[in-house]
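Chemist: Here it is, the structure, as structure tokens.
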Amino acid sequence: MRRSSLYNAFTSKDELFVRALEHYATTMRGLQAAILTDTSLSGGDRLRKLVDAIVDEERVARDEGHAAGCMGVHTLMNPDLRARDERIARILERDLRERLGLLEDAIRAGRMDGSIPDGPGAGEGALLVNTLIAGLRVTAQTGVTPEMLRRIALDGLRSLLV
């Protein structure tokens with residue numbers, strides 16, 4: 001692909017980045033939503049399956065010789081991007097809000113089906129799981145094996161699950 005083709009499709013590098021971030025956030029949230037709204041699973045199993053999906057994504061990337069990483073985590077860690085373009089801030093805020101909502105709903109479902117005991121509020125639990133996933137993404141970049149990532153994740157979920 002030539003530079004002129006990119007600039008014909010996108011007005012600038014910033015526009016390309018914003019569109020890529022929007023696509024990434026929407027795609028990843030959709031994949032996670034499919035797991036977190038699967039009513040054939042208990043709430044606790046939805047969280048475990050989400051962790052397994054994240055770890056599997058990192059495993060595939062590692063097997064292919066690269067890191068899966070996370071465009072969302074990377075962008076969040078660069079506050080200059082958010083400050084420079086309010087579209088980036090809006091995409092990240094909407095993505096976080098919607099993902100936390102999906103996690104809260106799964107936690108509430110788990111409380112109703114007994115797979116997640118009463119404890120901290122669903123909002124706090126959602127933040128815990130979100131933090132755990134972001135940490136997995138970053139830790140995967142250090143070369144930690146997928147097996148260790150899964151053990152770390154399940155240990156982190158223990159405070160929430162039965």
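So you can find residues: chains in the structure tokens are A, B, ... in the order shown, residues in each start at 1, and ligands are numbered from 1 in order.
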Fewer than 3 positions away in the same chain doesn't count, so skip those; otherwise give me all residues within 9 Å of stretch 64-81 of chain A, counting only C-alpha atoms, as a list in words.
Modeler: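 Here the answer would be Leu21, Tyr24, Ala25, Glu57, Glu58, Arg59, Val60, Ala61, Arg84, Asp85, Glu86, Ile88, Ala89, Leu92, Asp95, Ala134, Arg137, Val138, Ala140, Gln141 and Gly143 of chain A.
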Chemist: Quick one: pick out all alpha helix (DSSP H) residues within stretch 10-106 of chain A from a backbone DSSP run and write them as an MDAnalysis selection string.
Modeler: chainID A and resid 13:36 43:63 71:76 79:84 86:106
Chemist: Pick out the residues sitting within 9 Å of stretch 154-159 of chain A, and hand them over as a PyMOL selection string; count only C-alpha atoms, and ignore anything fewer than 3 positions along from it in its own chain.
Modeler: chain A and resi 47-48+51+119+128-129+132+149-151+162
Chemist: Please, could you write that set of residues out with N, CA, C and O atoms as a short mmCIF file (atom, residue, chain, number, x, y, z; two decimals), in the first residue's frame?
Modeler:
```cif
data_model
loop_
_atom_site.label_atom_id
_atom_site.label_comp_id
_atom_site.auth_asym_id
_atom_site.auth_seq_id
_atom_site.Cartn_x
_atom_site.Cartn_y
_atom_site.Cartn_z
N LEU A 47 -16.55 -14.95 33.67
CA LEU A 47 -15.29 -14.27 33.99
C LEU A 47 -14.10 -15.18 33.70
O LEU A 47 -13.09 -14.73 33.16
N ARG A 48 -14.21 -16.45 34.07
CA ARG A 48 -13.13 -17.39 33.79
C ARG A 48 -12.90 -17.54 32.28
O ARG A 48 -11.76 -17.57 31.81
N VAL A 51 -11.04 -14.53 30.94
CA VAL A 51 -9.61 -14.63 31.22
C VAL A 51 -8.95 -15.62 30.27
O VAL A 51 -7.89 -15.35 29.71
N GLY A 119 -20.12 -9.70 48.21
CA GLY A 119 -18.86 -9.09 48.59
C GLY A 119 -18.87 -7.65 48.11
O GLY A 119 -19.91 -7.01 48.13
N LEU A 128 -11.85 -4.48 39.38
CA LEU A 128 -10.85 -5.49 39.68
C LEU A 128 -10.54 -6.32 38.44
O LEU A 128 -9.38 -6.52 38.08
N VAL A 129 -11.58 -6.82 37.78
CA VAL A 129 -11.38 -7.67 36.60
C VAL A 129 -10.73 -6.86 35.48
O VAL A 129 -9.82 -7.34 34.80
N LEU A 132 -7.13 -6.45 36.27
CA LEU A 132 -6.47 -7.74 36.08
C LEU A 132 -6.16 -7.98 34.60
O LEU A 132 -5.06 -8.39 34.24
N LEU A 149 0.38 -16.63 33.15
CA LEU A 149 -0.63 -15.57 33.05
C LEU A 149 -1.99 -16.07 33.55
O LEU A 149 -2.68 -15.38 34.29
N ARG A 150 -2.35 -17.28 33.15
CA ARG A 150 -3.64 -17.84 33.56
C ARG A 150 -3.67 -18.06 35.08
O ARG A 150 -4.66 -17.74 35.73
N ARG A 151 -2.58 -18.57 35.63
CA ARG A 151 -2.53 -18.78 37.10
C ARG A 151 -2.66 -17.44 37.82
O ARG A 151 -3.39 -17.33 38.82
N VAL A 162 -16.35 -17.92 43.80
CA VAL A 162 -16.49 -19.03 44.76
C VAL A 162 -15.47 -20.07 44.44
O VAL A 162 -15.18 -20.38 43.32
#
```
Chemist: Which is closer to A:Ile116 than all the others in A:Asp63, A:Arg82, A:Thr142, A:Gly44, using only C-alpha atoms?
Modeler: A:Gly44
Chemist: Pick from A:Ile152, A:Ile107, A:Ile91, A:Leu136: nearest to A:Gly121, with only C-alpha atoms counted?
Modeler: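 Of A:Ile152, A:Ile107, A:Ile91, A:Leu136, the one nearest A:Gly121 is A:Ile107, counting only C-alpha atoms.
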